[in-house]
Amino acid sequence: MRYAFFLGCSVPTRGLNYELSARKVAEKLGIELVDIPEFSCCGFPIRSVSQKAGFTMAARNLALAEKQGLDRIMTLCSACTETLQEANHLFKHNPDFLAEINGELKKFGLEYKGTVEVKHIARVLWEDIGVEEIRKKVVFPLEGARFAAHYGCHYLKPSEIYDHFDDPENPTSLDDLIEATGAESVRQYPDKDKCCGGAILGVKEEVTIKIAGSKLKILKDHDIDALVLICPFCSVIYEGNQKKAEKEYETQFKIPVLYYPQILGLALGFEPDEVGFKLNRIKAKKLLEKLGLGKKKTAA
Amino acid sequence: MSTIDTEKLDMSFVEEVKNTPGGELITRCFACGTCAASCPVREFDEKFNPRRIIHMVLLGMRDEVLQSDFVWLCSGCAACQERCPQGVTITDLMMALKNIAVKHGIVHNAFAMQAAEVYRYGRLYEVGDLNDRREKIGLPRIPEEPEQIRQILDDTGVGEVAKKIIGEQESGNE
């Protein structure tokens with residue numbers, strides 16, 4: 001299994017724990033990741049100003065993978081996944097638009113033919129590796145750990161561009177993946193599918209904080225060891241801005257926020273530091289102690 | 001909310017939206033409000049109400065929509081789009097409204113700043129010195145080669161938006 005590895009903007013700068021754990025987990029599971037240094041931003045942040053510019057950037061990235069003979073891209077960021085896949089979807093249904101974009105790519109000696117499939121790491125693990133296969137590889141079951149899954153938005157939506165691989169209203173893929181590690185996943189909780197509000201952080205921060213805090217408030221009553229998520233910007237919101245949300249709601253949440261590959265990494269036998277636990281701002285100390293990994297960590 | 005000035009209604013706005021990618025299906029809306037009920041932003045900020053925005057467009061309230069703050073408040077989560085019983089691609093429609101506003105010279109500062117960063121680095125954030133840290137923990141260095149991205153942005157009008165911000169930031173630093 002060979003994938004071009006698409007990092008985007010947030011992961012390689014603000015989500016080093018995500019990148020680190022994803023690379024470790026992929027290697028362990030036999031997923032070969034090919035780095036393409038010419039990859040840029042996916043185009044998502046530009047689409048509000050110009051959809052054409054955003055999709056041209058997306059097409060350039062897709063074309064770079066295609067040029068290397070790779071027909072699959074694995075992403076970590078949900079917004080990257082959505083923008084690259086949306087571009088694919090548009091090009092498939094509107095060949096004239098692809099021709100127009102290719103006119104621009106020609107300047108760089110590139111042409112996109114439309115052959116590259118884009119999959120988020122969680123979808124790769126769930127669909128291409130499979131929960132059963134992951135379960136077999138687990139050497140350190142996370143028994144006793146209790147997590148809540150945060151799916152975010154663009155991993156699943158708009159479902160039309162993702163061939164409805166998981167139910168956008170009541171998804172199970174991330175819960176299944178969490179349980180494959182031997183941990184428990186709170187399968188149902190209010191606002192499970194709620195947006196983190198990250199996209200408007202720069203427009204109206206107070207609204208983002210209220211949106212994010214409302215979910216953390218619910219999670220606080222579910223006695224979880226960590227919120228497990230799969231998008232770097234969701235993490236910026238729930239982990240990086242948790243203090244602000246605590247202030248807004250005049251309470252303490254202290255909810256650790258982990259990337260799925262971090263917990264999968266533990267289950268596959270990696271030490272906490274190998275999968276970036278040191279880089280988390282809100283320390284998952286209680287979880288690591290519960291799993292008997294706490295002391296090792298301080299000794300390291 | 002002030003009354004609607006019927007003299008100022010501009011039906012060409014509806015056509016412009018319909019002719020912009022993402023806006024094609026707006027006239028299918030029958031105002032059920034599923035979008036407003038699904039919207040995480042609407043829950044905390046009454047200014048942003050997708051049903052109301054759609055209705056304002058359909059009435060031809062060009063200036064009120066394009067000059068508003070609310071067009072920039074969509075979080076893009078697609079909860080509304082997923083649930084719309086009429087199949088209106090509401091998230092795409094909000095994107096179309098922002099694109100139209102930009103065409104008329106209106107860009108929210110947050111998005112102009114993002115464009116400036118992407119213009120500078122080819123990415124939303126500078127990697128720069130972080131490369132040393134990346135290397136230290138066993139991650140590959142990432143080159144910053146924004147030339148092709150700058151070309152794309154220049155060719156699509158985004159470069160102008162980005163360079164205006166970069167110019168302001170540079171003169172502010174002097």
# chains A, B, ... in the order shown; residues from 1 in each chain; ligands from 1

$ residues_around --residues "range 67-80 of chain A" --least-positions-apart "3" --cutoff "9 Å" --atoms "only C-alpha atoms" --output "ChimeraX atom specification"
/A:2-11,18-19,22,33-34,36,41-44,58,62-64,83-85,110-112,115-122,124,152-156,230-233

$ write_last_selection --atoms "N, CA and C atoms" --output "tab-separated table (two decimals), in the first residue's frame"
chain	number	residue	atom	x	y	z
A	2	ARG	N	0.78	2.01	-1.07
A	2	ARG	CA	1.65	3.16	-1.23
A	2	ARG	C	0.82	4.43	-1.40
A	3	TYR	N	1.11	5.41	-0.60
A	3	TYR	CA	0.36	6.67	-0.67
A	3	TYR	C	1.32	7.86	-0.72
A	4	ALA	N	0.95	8.86	-1.53
A	4	ALA	CA	1.61	10.16	-1.38
A	4	ALA	C	1.09	10.72	-0.06
A	5	PHE	N	2.01	11.29	0.73
A	5	PHE	CA	1.63	11.75	2.07
A	5	PHE	C	1.44	13.25	2.04
A	6	PHE	N	0.20	13.68	2.23
A	6	PHE	CA	-0.11	15.10	2.14
A	6	PHE	C	-0.25	15.72	3.53
A	7	LEU	N	0.64	16.66	3.85
A	7	LEU	CA	0.67	17.23	5.20
A	7	LEU	C	-0.17	18.50	5.34
A	8	GLY	N	-0.22	19.31	4.28
A	8	GLY	CA	-0.92	20.59	4.38
A	8	GLY	C	-0.15	21.61	5.18
A	9	CYS	N	-0.87	22.53	5.83
A	9	CYS	CA	-0.23	23.65	6.54
A	9	CYS	C	-0.16	23.45	8.05
A	10	SER	N	-1.26	23.05	8.65
A	10	SER	CA	-1.34	22.99	10.11
A	10	SER	C	-0.52	21.85	10.69
A	11	VAL	N	-0.60	20.68	10.06
A	11	VAL	CA	0.07	19.50	10.63
A	11	VAL	C	1.58	19.70	10.79
A	18	TYR	N	0.75	14.76	15.72
A	18	TYR	CA	-0.10	14.05	14.75
A	18	TYR	C	0.77	13.42	13.66
A	19	GLU	N	1.65	14.25	13.10
A	19	GLU	CA	2.51	13.76	12.00
A	19	GLU	C	3.41	12.62	12.48
A	22	ALA	N	1.37	9.48	13.12
A	22	ALA	CA	0.84	8.93	11.87
A	22	ALA	C	1.93	8.18	11.10
A	33	LEU	N	4.55	5.59	2.92
A	33	LEU	CA	4.22	7.00	2.68
A	33	LEU	C	5.32	7.67	1.88
A	34	VAL	N	4.93	8.32	0.80
A	34	VAL	CA	5.90	9.00	-0.06
A	34	VAL	C	5.75	10.51	0.16
A	36	ILE	N	6.24	14.26	-0.84
A	36	ILE	CA	6.47	15.06	-2.06
A	36	ILE	C	6.75	16.50	-1.61
A	41	CYS	N	0.08	24.27	0.38
A	41	CYS	CA	-1.24	24.34	1.00
A	41	CYS	C	-2.23	23.69	0.04
A	42	CYS	N	-3.27	23.03	0.58
A	42	CYS	CA	-4.24	22.33	-0.28
A	42	CYS	C	-5.07	23.29	-1.11
A	43	GLY	N	-5.24	24.51	-0.63
A	43	GLY	CA	-6.09	25.49	-1.32
A	43	GLY	C	-7.28	25.94	-0.47
A	44	PHE	N	-7.58	25.19	0.59
A	44	PHE	CA	-8.77	25.48	1.41
A	44	PHE	C	-8.85	26.94	1.89
A	58	ALA	N	-5.30	22.94	-5.41
A	58	ALA	CA	-5.62	21.53	-5.15
A	58	ALA	C	-5.17	20.67	-6.33
A	62	LEU	N	-2.60	17.48	-6.62
A	62	LEU	CA	-3.02	16.19	-7.17
A	62	LEU	C	-2.14	15.79	-8.35
A	63	ALA	N	-1.84	16.77	-9.19
A	63	ALA	CA	-1.02	16.49	-10.39
A	63	ALA	C	0.40	16.08	-10.00
A	64	LEU	N	0.91	16.67	-8.92
A	64	LEU	CA	2.26	16.31	-8.47
A	64	LEU	C	2.33	14.84	-8.05
A	83	THR	N	-10.93	19.53	0.45
A	83	THR	CA	-10.62	20.38	-0.70
A	83	THR	C	-10.07	19.56	-1.86
A	84	LEU	N	-9.16	18.64	-1.56
A	84	LEU	CA	-8.58	17.81	-2.64
A	84	LEU	C	-9.66	16.90	-3.25
A	85	GLN	N	-10.50	16.34	-2.39
A	85	GLN	CA	-11.52	15.43	-2.89
A	85	GLN	C	-12.63	16.19	-3.61
A	110	LEU	N	2.74	20.80	-15.67
A	110	LEU	CA	1.88	19.79	-15.03
A	110	LEU	C	0.54	19.69	-15.76
A	111	GLU	N	-0.03	18.49	-15.64
A	111	GLU	CA	-1.40	18.31	-16.13
A	111	GLU	C	-2.06	17.29	-15.21
A	112	TYR	N	-3.28	17.57	-14.78
A	112	TYR	CA	-3.96	16.60	-13.93
A	112	TYR	C	-4.98	15.80	-14.75
A	115	THR	N	-6.72	10.97	-11.84
A	115	THR	CA	-6.60	9.56	-11.43
A	115	THR	C	-6.26	9.34	-9.96
A	116	VAL	N	-6.13	10.43	-9.20
A	116	VAL	CA	-5.64	10.26	-7.82
A	116	VAL	C	-6.79	10.23	-6.80
A	117	GLU	N	-6.81	9.18	-6.02
A	117	GLU	CA	-7.82	9.04	-4.99
A	117	GLU	C	-7.30	9.68	-3.70
A	118	VAL	N	-8.15	10.40	-3.00
A	118	VAL	CA	-7.73	11.08	-1.77
A	118	VAL	C	-8.42	10.45	-0.57
A	119	LYS	N	-7.64	10.01	0.39
A	119	LYS	CA	-8.24	9.42	1.59
A	119	LYS	C	-7.60	9.94	2.85
A	120	HIS	N	-8.43	10.26	3.81
A	120	HIS	CA	-7.98	10.64	5.14
A	120	HIS	C	-7.40	9.41	5.84
A	121	ILE	N	-6.43	9.62	6.71
A	121	ILE	CA	-5.79	8.48	7.39
A	121	ILE	C	-6.80	7.58	8.11
A	122	ALA	N	-7.82	8.18	8.71
A	122	ALA	CA	-8.80	7.36	9.43
A	122	ALA	C	-9.56	6.46	8.46
A	124	VAL	N	-8.34	5.44	5.58
A	124	VAL	CA	-7.36	4.43	5.14
A	124	VAL	C	-7.31	3.28	6.15
A	152	GLY	N	-15.32	15.73	13.58
A	152	GLY	CA	-15.18	16.96	12.82
A	152	GLY	C	-16.09	16.93	11.61
A	153	CYS	N	-15.89	17.88	10.71
A	153	CYS	CA	-16.84	18.03	9.61
A	153	CYS	C	-16.36	17.41	8.31
A	154	HIS	N	-15.18	17.83	7.86
A	154	HIS	CA	-14.82	17.53	6.48
A	154	HIS	C	-14.28	16.13	6.26
A	155	TYR	N	-14.13	15.38	7.31
A	155	TYR	CA	-13.78	13.97	7.16
A	155	TYR	C	-14.95	13.22	6.53
A	156	LEU	N	-16.16	13.69	6.81
A	156	LEU	CA	-17.37	13.01	6.35
A	156	LEU	C	-18.23	13.81	5.39
A	230	ILE	N	-9.14	13.77	14.69
A	230	ILE	CA	-8.38	13.42	13.48
A	230	ILE	C	-8.17	14.62	12.55
A	231	CYS	N	-8.16	15.81	13.13
A	231	CYS	CA	-7.95	17.00	12.30
A	231	CYS	C	-7.12	18.01	13.09
A	232	PRO	N	-6.06	18.55	12.49
A	232	PRO	CA	-5.19	19.46	13.26
A	232	PRO	C	-5.90	20.72	13.71
A	233	PHE	N	-6.85	21.18	12.92
A	233	PHE	CA	-7.48	22.42	13.35
A	233	PHE	C	-8.48	22.20	14.48

$ interface_residues --of "chain B" --to "chain A" --cutoff "6 Å" --atoms "only C-alpha atoms" --output "list in words"
Ser75, Cys77, Met95, Lys98, Asn99, Ala110, Gly122, Arg123, Leu124 and Thr156 of chain B

$ closest_residue --among "B:Asp92, B:Glu117, B:Asp129, B:Glu168" --to "Leu25 in chain B" --atoms "only C-alpha atoms"
B:Asp92

$ residues_around --residues "Asp69 in chain B" --least-positions-apart "6" --cutoff "9 Å" --atoms "only C-alpha atoms" --output "list of chain:residue names"
A:Val203, B:Lys47, B:Phe48, B:His108

$ write_last_selection --atoms "N, CA and C atoms" --output "compact mmCIF listing (two decimals), in the first residue's frame"
# COMPACT_ATOMS: atom_id res chain seq x y z
N VAL A 203 -12.38 35.24 12.30
CA VAL A 203 -13.46 36.18 11.96
C VAL A 203 -14.15 36.66 13.24
N LYS B 47 -26.73 36.76 14.18
CA LYS B 47 -26.45 37.49 12.93
C LYS B 47 -26.32 36.54 11.76
N PHE B 48 -25.79 35.35 12.06
CA PHE B 48 -25.60 34.39 10.97
C PHE B 48 -26.76 33.41 10.94
N HIS B 108 -13.06 40.19 3.81
CA HIS B 108 -12.87 40.25 5.26
C HIS B 108 -11.38 40.12 5.57

$ atom_distance --atom1 "CA of Glu32 in chain A" --atom2 "CA of Met1 in chain A"
6.0 Å

$ select_by_dssp --residues "range 43-249 of chain A" --states "strand (DSSP E or B)" --output "PyMOL selection string"
chain A and resi 72-75+117-120+146-150+184-185+226-229

$ write_last_selection --atoms "N, CA, C and O atoms" --output "short mmCIF file (atom, residue, chain, number, x, y, z; two decimals), in the first residue's frame"
data_model
loop_
_atom_site.label_atom_id
_atom_site.label_comp_id
_atom_site.auth_asym_id
_atom_site.auth_seq_id
_atom_site.Cartn_x
_atom_site.Cartn_y
_atom_site.Cartn_z
N ARG A 72 -2.83 7.36 -5.12
CA ARG A 72 -3.50 7.58 -3.84
C ARG A 72 -2.76 8.64 -3.03
O ARG A 72 -1.53 8.62 -2.98
N ILE A 73 -3.54 9.49 -2.38
CA ILE A 73 -2.98 10.44 -1.43
C ILE A 73 -3.58 10.12 -0.07
O ILE A 73 -4.78 9.89 0.04
N MET A 74 -2.73 10.08 0.95
CA MET A 74 -3.25 9.98 2.32
C MET A 74 -3.08 11.33 3.00
O MET A 74 -1.99 11.91 2.98
N THR A 75 -4.16 11.82 3.59
CA THR A 75 -4.15 13.13 4.25
C THR A 75 -4.29 12.95 5.76
O THR A 75 -4.72 11.90 6.24
N GLU A 117 -6.81 9.18 -6.02
CA GLU A 117 -7.82 9.04 -4.99
C GLU A 117 -7.30 9.68 -3.70
O GLU A 117 -6.13 9.51 -3.37
N VAL A 118 -8.15 10.40 -3.00
CA VAL A 118 -7.73 11.08 -1.77
C VAL A 118 -8.42 10.45 -0.57
O VAL A 118 -9.65 10.37 -0.54
N LYS A 119 -7.64 10.01 0.39
CA LYS A 119 -8.24 9.42 1.59
C LYS A 119 -7.60 9.94 2.85
O LYS A 119 -6.37 10.01 2.96
N HIS A 120 -8.43 10.26 3.81
CA HIS A 120 -7.98 10.64 5.14
C HIS A 120 -7.40 9.41 5.84
O HIS A 120 -7.84 8.29 5.60
N ARG A 146 -11.05 5.19 28.31
CA ARG A 146 -12.37 5.57 27.80
C ARG A 146 -12.24 6.88 27.01
O ARG A 146 -11.78 7.90 27.55
N PHE A 147 -12.59 6.81 25.75
CA PHE A 147 -12.44 7.99 24.88
C PHE A 147 -13.76 8.40 24.26
O PHE A 147 -14.69 7.60 24.16
N ALA A 148 -13.80 9.66 23.81
CA ALA A 148 -14.91 10.11 22.97
C ALA A 148 -14.31 10.49 21.63
O ALA A 148 -13.24 11.09 21.56
N ALA A 149 -14.98 10.13 20.56
CA ALA A 149 -14.50 10.44 19.21
C ALA A 149 -15.06 11.78 18.76
O ALA A 149 -16.25 12.06 18.95
N HIS A 150 -14.19 12.61 18.21
CA HIS A 150 -14.66 13.83 17.54
C HIS A 150 -14.36 13.67 16.05
O HIS A 150 -13.19 13.63 15.66
N GLU A 184 -12.42 1.80 25.27
CA GLU A 184 -13.87 1.97 25.13
C GLU A 184 -14.11 3.31 24.45
O GLU A 184 -13.41 4.29 24.71
N SER A 185 -15.10 3.37 23.56
CA SER A 185 -15.47 4.64 22.95
C SER A 185 -16.90 4.99 23.36
O SER A 185 -17.79 4.14 23.30
N ALA A 226 -9.76 11.11 27.30
CA ALA A 226 -9.33 12.08 26.28
C ALA A 226 -10.38 12.17 25.18
O ALA A 226 -11.16 11.24 24.97
N LEU A 227 -10.37 13.32 24.54
CA LEU A 227 -11.14 13.48 23.31
C LEU A 227 -10.20 13.05 22.18
O LEU A 227 -9.06 13.52 22.11
N VAL A 228 -10.66 12.16 21.33
CA VAL A 228 -9.80 11.65 20.26
C VAL A 228 -10.27 12.22 18.93
O VAL A 228 -11.44 12.10 18.57
N LEU A 229 -9.35 12.88 18.23
CA LEU A 229 -9.77 13.51 16.98
C LEU A 229 -8.77 13.28 15.85
O LEU A 229 -7.70 12.66 16.06
#

$ closest_residue --among "B:Cys74, B:Ala79, B:Val161, B:Ile149" --to "Gln114 in chain B" --atoms "only C-alpha atoms"
B:Val161

$ residues_around --residues "range 13-20 of chain B" --least-positions-apart "4" --cutoff "8 Å" --atoms "only C-alpha atoms" --output "PyMOL selection string"
chain B and resi 24-26+57-62+96-97+100

$ write_last_selection --atoms "all heavy atoms" --output "PDB file, in the first residue's frame"
ATOM      1  N   GLU B  24     -25.746  27.797  -7.867  1.00  0.00           N
ATOM      2  CA  GLU B  24     -26.702  27.397  -8.914  1.00  0.00           C
ATOM      3  C   GLU B  24     -28.091  27.022  -8.401  1.00  0.00           C
ATOM      4  O   GLU B  24     -29.093  27.289  -9.051  1.00  0.00           O
ATOM      5  CB  GLU B  24     -26.152  26.203  -9.718  1.00  0.00           C
ATOM      6  CG  GLU B  24     -24.830  26.450 -10.440  1.00  0.00           C
ATOM      7  CD  GLU B  24     -23.618  26.047  -9.612  1.00  0.00           C
ATOM      8  OE1 GLU B  24     -23.742  25.934  -8.373  1.00  0.00           O
ATOM      9  OE2 GLU B  24     -22.541  25.855 -10.221  1.00  0.00           O
ATOM     10  N   LEU B  25     -28.150  26.383  -7.239  1.00  0.00           N
ATOM     11  CA  LEU B  25     -29.412  25.772  -6.811  1.00  0.00           C
ATOM     12  C   LEU B  25     -30.207  26.618  -5.825  1.00  0.00           C
ATOM     13  O   LEU B  25     -31.186  26.157  -5.235  1.00  0.00           O
ATOM     14  CB  LEU B  25     -29.121  24.387  -6.193  1.00  0.00           C
ATOM     15  CG  LEU B  25     -28.337  23.422  -7.093  1.00  0.00           C
ATOM     16  CD1 LEU B  25     -28.028  22.130  -6.340  1.00  0.00           C
ATOM     17  CD2 LEU B  25     -29.120  23.108  -8.370  1.00  0.00           C
ATOM     18  N   ILE B  26     -29.822  27.878  -5.648  1.00  0.00           N
ATOM     19  CA  ILE B  26     -30.426  28.692  -4.589  1.00  0.00           C
ATOM     20  C   ILE B  26     -31.945  28.831  -4.710  1.00  0.00           C
ATOM     21  O   ILE B  26     -32.656  28.839  -3.707  1.00  0.00           O
ATOM     22  CB  ILE B  26     -29.744  30.085  -4.488  1.00  0.00           C
ATOM     23  CG1 ILE B  26     -30.304  30.847  -3.289  1.00  0.00           C
ATOM     24  CG2 ILE B  26     -29.866  30.882  -5.792  1.00  0.00           C
ATOM     25  CD1 ILE B  26     -29.562  32.096  -2.915  1.00  0.00           C
ATOM     26  N   VAL B  57     -30.892  37.065  -0.465  1.00  0.00           N
ATOM     27  CA  VAL B  57     -30.373  36.974  -1.844  1.00  0.00           C
ATOM     28  C   VAL B  57     -31.540  36.880  -2.816  1.00  0.00           C
ATOM     29  O   VAL B  57     -31.588  37.584  -3.829  1.00  0.00           O
ATOM     30  CB  VAL B  57     -29.439  35.752  -2.013  1.00  0.00           C
ATOM     31  CG1 VAL B  57     -29.019  35.603  -3.480  1.00  0.00           C
ATOM     32  CG2 VAL B  57     -28.209  35.872  -1.119  1.00  0.00           C
ATOM     33  N   LEU B  58     -32.519  36.021  -2.479  1.00  0.00           N
ATOM     34  CA  LEU B  58     -33.649  35.807  -3.387  1.00  0.00           C
ATOM     35  C   LEU B  58     -34.483  37.085  -3.562  1.00  0.00           C
ATOM     36  O   LEU B  58     -35.131  37.268  -4.587  1.00  0.00           O
ATOM     37  CB  LEU B  58     -34.526  34.652  -2.886  1.00  0.00           C
ATOM     38  CG  LEU B  58     -33.860  33.272  -2.965  1.00  0.00           C
ATOM     39  CD1 LEU B  58     -34.733  32.212  -2.302  1.00  0.00           C
ATOM     40  CD2 LEU B  58     -33.563  32.878  -4.415  1.00  0.00           C
ATOM     41  N   LEU B  59     -34.441  37.975  -2.564  1.00  0.00           N
ATOM     42  CA  LEU B  59     -35.148  39.255  -2.683  1.00  0.00           C
ATOM     43  C   LEU B  59     -34.324  40.288  -3.456  1.00  0.00           C
ATOM     44  O   LEU B  59     -34.809  41.369  -3.761  1.00  0.00           O
ATOM     45  CB  LEU B  59     -35.476  39.810  -1.293  1.00  0.00           C
ATOM     46  CG  LEU B  59     -36.638  39.164  -0.540  1.00  0.00           C
ATOM     47  CD1 LEU B  59     -36.694  39.706   0.885  1.00  0.00           C
ATOM     48  CD2 LEU B  59     -37.966  39.427  -1.237  1.00  0.00           C
ATOM     49  N   GLY B  60     -33.069  39.962  -3.717  1.00  0.00           N
ATOM     50  CA  GLY B  60     -32.216  40.898  -4.452  1.00  0.00           C
ATOM     51  C   GLY B  60     -31.566  41.955  -3.579  1.00  0.00           C
ATOM     52  O   GLY B  60     -31.256  43.058  -4.034  1.00  0.00           O
ATOM     53  N   MET B  61     -31.336  41.630  -2.312  1.00  0.00           N
ATOM     54  CA  MET B  61     -30.736  42.612  -1.392  1.00  0.00           C
ATOM     55  C   MET B  61     -29.210  42.588  -1.507  1.00  0.00           C
ATOM     56  O   MET B  61     -28.491  42.242  -0.582  1.00  0.00           O
ATOM     57  CB  MET B  61     -31.194  42.318   0.041  1.00  0.00           C
ATOM     58  CG  MET B  61     -32.706  42.444   0.190  1.00  0.00           C
ATOM     59  SD  MET B  61     -33.328  41.889   1.797  1.00  0.00           S
ATOM     60  CE  MET B  61     -32.844  43.261   2.847  1.00  0.00           C
ATOM     61  N   ARG B  62     -28.730  42.992  -2.656  1.00  0.00           N
ATOM     62  CA  ARG B  62     -27.310  42.902  -2.981  1.00  0.00           C
ATOM     63  C   ARG B  62     -26.395  43.564  -1.948  1.00  0.00           C
ATOM     64  O   ARG B  62     -25.540  42.911  -1.366  1.00  0.00           O
ATOM     65  CB  ARG B  62     -27.062  43.531  -4.359  1.00  0.00           C
ATOM     66  CG  ARG B  62     -25.609  43.563  -4.759  1.00  0.00           C
ATOM     67  CD  ARG B  62     -25.417  44.403  -6.006  1.00  0.00           C
ATOM     68  NE  ARG B  62     -25.926  43.731  -7.195  1.00  0.00           N
ATOM     69  CZ  ARG B  62     -25.236  42.826  -7.894  1.00  0.00           C
ATOM     70  NH1 ARG B  62     -24.031  42.498  -7.521  1.00  0.00           N
ATOM     71  NH2 ARG B  62     -25.758  42.261  -8.957  1.00  0.00           N
ATOM     72  N   ALA B  96     -19.739  30.902  -2.547  1.00  0.00           N
ATOM     73  CA  ALA B  96     -20.015  31.715  -3.744  1.00  0.00           C
ATOM     74  C   ALA B  96     -20.253  33.174  -3.352  1.00  0.00           C
ATOM     75  O   ALA B  96     -19.737  34.096  -4.001  1.00  0.00           O
ATOM     76  CB  ALA B  96     -21.233  31.155  -4.483  1.00  0.00           C
ATOM     77  N   LEU B  97     -21.004  33.398  -2.271  1.00  0.00           N
ATOM     78  CA  LEU B  97     -21.279  34.781  -1.835  1.00  0.00           C
ATOM     79  C   LEU B  97     -19.993  35.500  -1.457  1.00  0.00           C
ATOM     80  O   LEU B  97     -19.799  36.673  -1.763  1.00  0.00           O
ATOM     81  CB  LEU B  97     -22.265  34.795  -0.659  1.00  0.00           C
ATOM     82  CG  LEU B  97     -23.704  34.348  -0.966  1.00  0.00           C
ATOM     83  CD1 LEU B  97     -24.544  34.346   0.316  1.00  0.00           C
ATOM     84  CD2 LEU B  97     -24.352  35.237  -2.015  1.00  0.00           C
ATOM     85  N   ILE B 100     -18.163  36.403  -4.588  1.00  0.00           N
ATOM     86  CA  ILE B 100     -18.796  37.553  -5.258  1.00  0.00           C
ATOM     87  C   ILE B 100     -18.425  38.849  -4.529  1.00  0.00           C
ATOM     88  O   ILE B 100     -18.086  39.857  -5.162  1.00  0.00           O
ATOM     89  CB  ILE B 100     -20.336  37.379  -5.320  1.00  0.00           C
ATOM     90  CG1 ILE B 100     -20.700  36.214  -6.252  1.00  0.00           C
ATOM     91  CG2 ILE B 100     -21.014  38.666  -5.794  1.00  0.00           C
ATOM     92  CD1 ILE B 100     -22.173  35.805  -6.197  1.00  0.00           C
TER      93      ILE B 100
END

$ decode --residues "range 131-143 of chain A" --atoms "N, CA, C and O atoms" --output "PDB file, in the first residue's frame"
ATOM      1  N   VAL A 131     -10.476  -2.820  10.636  1.00  0.00           N
ATOM      2  CA  VAL A 131     -10.474  -2.888  12.094  1.00  0.00           C
ATOM      3  C   VAL A 131      -9.935  -4.236  12.585  1.00  0.00           C
ATOM      4  O   VAL A 131      -9.163  -4.294  13.542  1.00  0.00           O
ATOM      5  N   GLU A 132     -10.307  -5.305  11.913  1.00  0.00           N
ATOM      6  CA  GLU A 132      -9.861  -6.640  12.348  1.00  0.00           C
ATOM      7  C   GLU A 132      -8.343  -6.776  12.257  1.00  0.00           C
ATOM      8  O   GLU A 132      -7.690  -7.319  13.134  1.00  0.00           O
ATOM      9  N   GLU A 133      -7.802  -6.284  11.150  1.00  0.00           N
ATOM     10  CA  GLU A 133      -6.367  -6.344  10.918  1.00  0.00           C
ATOM     11  C   GLU A 133      -5.620  -5.531  11.992  1.00  0.00           C
ATOM     12  O   GLU A 133      -4.585  -5.956  12.496  1.00  0.00           O
ATOM     13  N   ILE A 134      -6.181  -4.373  12.309  1.00  0.00           N
ATOM     14  CA  ILE A 134      -5.561  -3.525  13.345  1.00  0.00           C
ATOM     15  C   ILE A 134      -5.583  -4.253  14.686  1.00  0.00           C
ATOM     16  O   ILE A 134      -4.580  -4.323  15.396  1.00  0.00           O
ATOM     17  N   ARG A 135      -6.729  -4.817  15.002  1.00  0.00           N
ATOM     18  CA  ARG A 135      -6.880  -5.565  16.255  1.00  0.00           C
ATOM     19  C   ARG A 135      -5.798  -6.644  16.400  1.00  0.00           C
ATOM     20  O   ARG A 135      -5.236  -6.849  17.465  1.00  0.00           O
ATOM     21  N   LYS A 136      -5.517  -7.317  15.286  1.00  0.00           N
ATOM     22  CA  LYS A 136      -4.503  -8.387  15.299  1.00  0.00           C
ATOM     23  C   LYS A 136      -3.105  -7.852  15.613  1.00  0.00           C
ATOM     24  O   LYS A 136      -2.261  -8.558  16.157  1.00  0.00           O
ATOM     25  N   LYS A 137      -2.864  -6.599  15.215  1.00  0.00           N
ATOM     26  CA  LYS A 137      -1.530  -6.028  15.406  1.00  0.00           C
ATOM     27  C   LYS A 137      -1.339  -5.389  16.780  1.00  0.00           C
ATOM     28  O   LYS A 137      -0.252  -4.931  17.121  1.00  0.00           O
ATOM     29  N   VAL A 138      -2.425  -5.288  17.538  1.00  0.00           N
ATOM     30  CA  VAL A 138      -2.345  -4.643  18.844  1.00  0.00           C
ATOM     31  C   VAL A 138      -1.567  -5.532  19.815  1.00  0.00           C
ATOM     32  O   VAL A 138      -1.887  -6.694  19.989  1.00  0.00           O
ATOM     33  N   VAL A 139      -0.509  -4.963  20.395  1.00  0.00           N
ATOM     34  CA  VAL A 139       0.297  -5.718  21.367  1.00  0.00           C
ATOM     35  C   VAL A 139       0.112  -5.184  22.788  1.00  0.00           C
ATOM     36  O   VAL A 139       0.492  -5.816  23.756  1.00  0.00           O
ATOM     37  N   PHE A 140      -0.482  -3.994  22.872  1.00  0.00           N
ATOM     38  CA  PHE A 140      -0.680  -3.368  24.180  1.00  0.00           C
ATOM     39  C   PHE A 140      -2.112  -2.817  24.235  1.00  0.00           C
ATOM     40  O   PHE A 140      -2.337  -1.630  24.007  1.00  0.00           O
ATOM     41  N   PRO A 141      -3.089  -3.704  24.489  1.00  0.00           N
ATOM     42  CA  PRO A 141      -4.482  -3.237  24.469  1.00  0.00           C
ATOM     43  C   PRO A 141      -4.723  -2.147  25.507  1.00  0.00           C
ATOM     44  O   PRO A 141      -4.244  -2.263  26.636  1.00  0.00           O
ATOM     45  N   LEU A 142      -5.429  -1.103  25.093  1.00  0.00           N
ATOM     46  CA  LEU A 142      -5.646   0.049  25.993  1.00  0.00           C
ATOM     47  C   LEU A 142      -6.853  -0.204  26.893  1.00  0.00           C
ATOM     48  O   LEU A 142      -7.783   0.597  26.963  1.00  0.00           O
ATOM     49  N   GLU A 143      -6.822  -1.342  27.566  1.00  0.00           N
ATOM     50  CA  GLU A 143      -7.956  -1.731  28.401  1.00  0.00           C
ATOM     51  C   GLU A 143      -8.164  -0.754  29.543  1.00  0.00           C
ATOM     52  O   GLU A 143      -7.217  -0.357  30.210  1.00  0.00           O
TER      53      GLU A 143
END
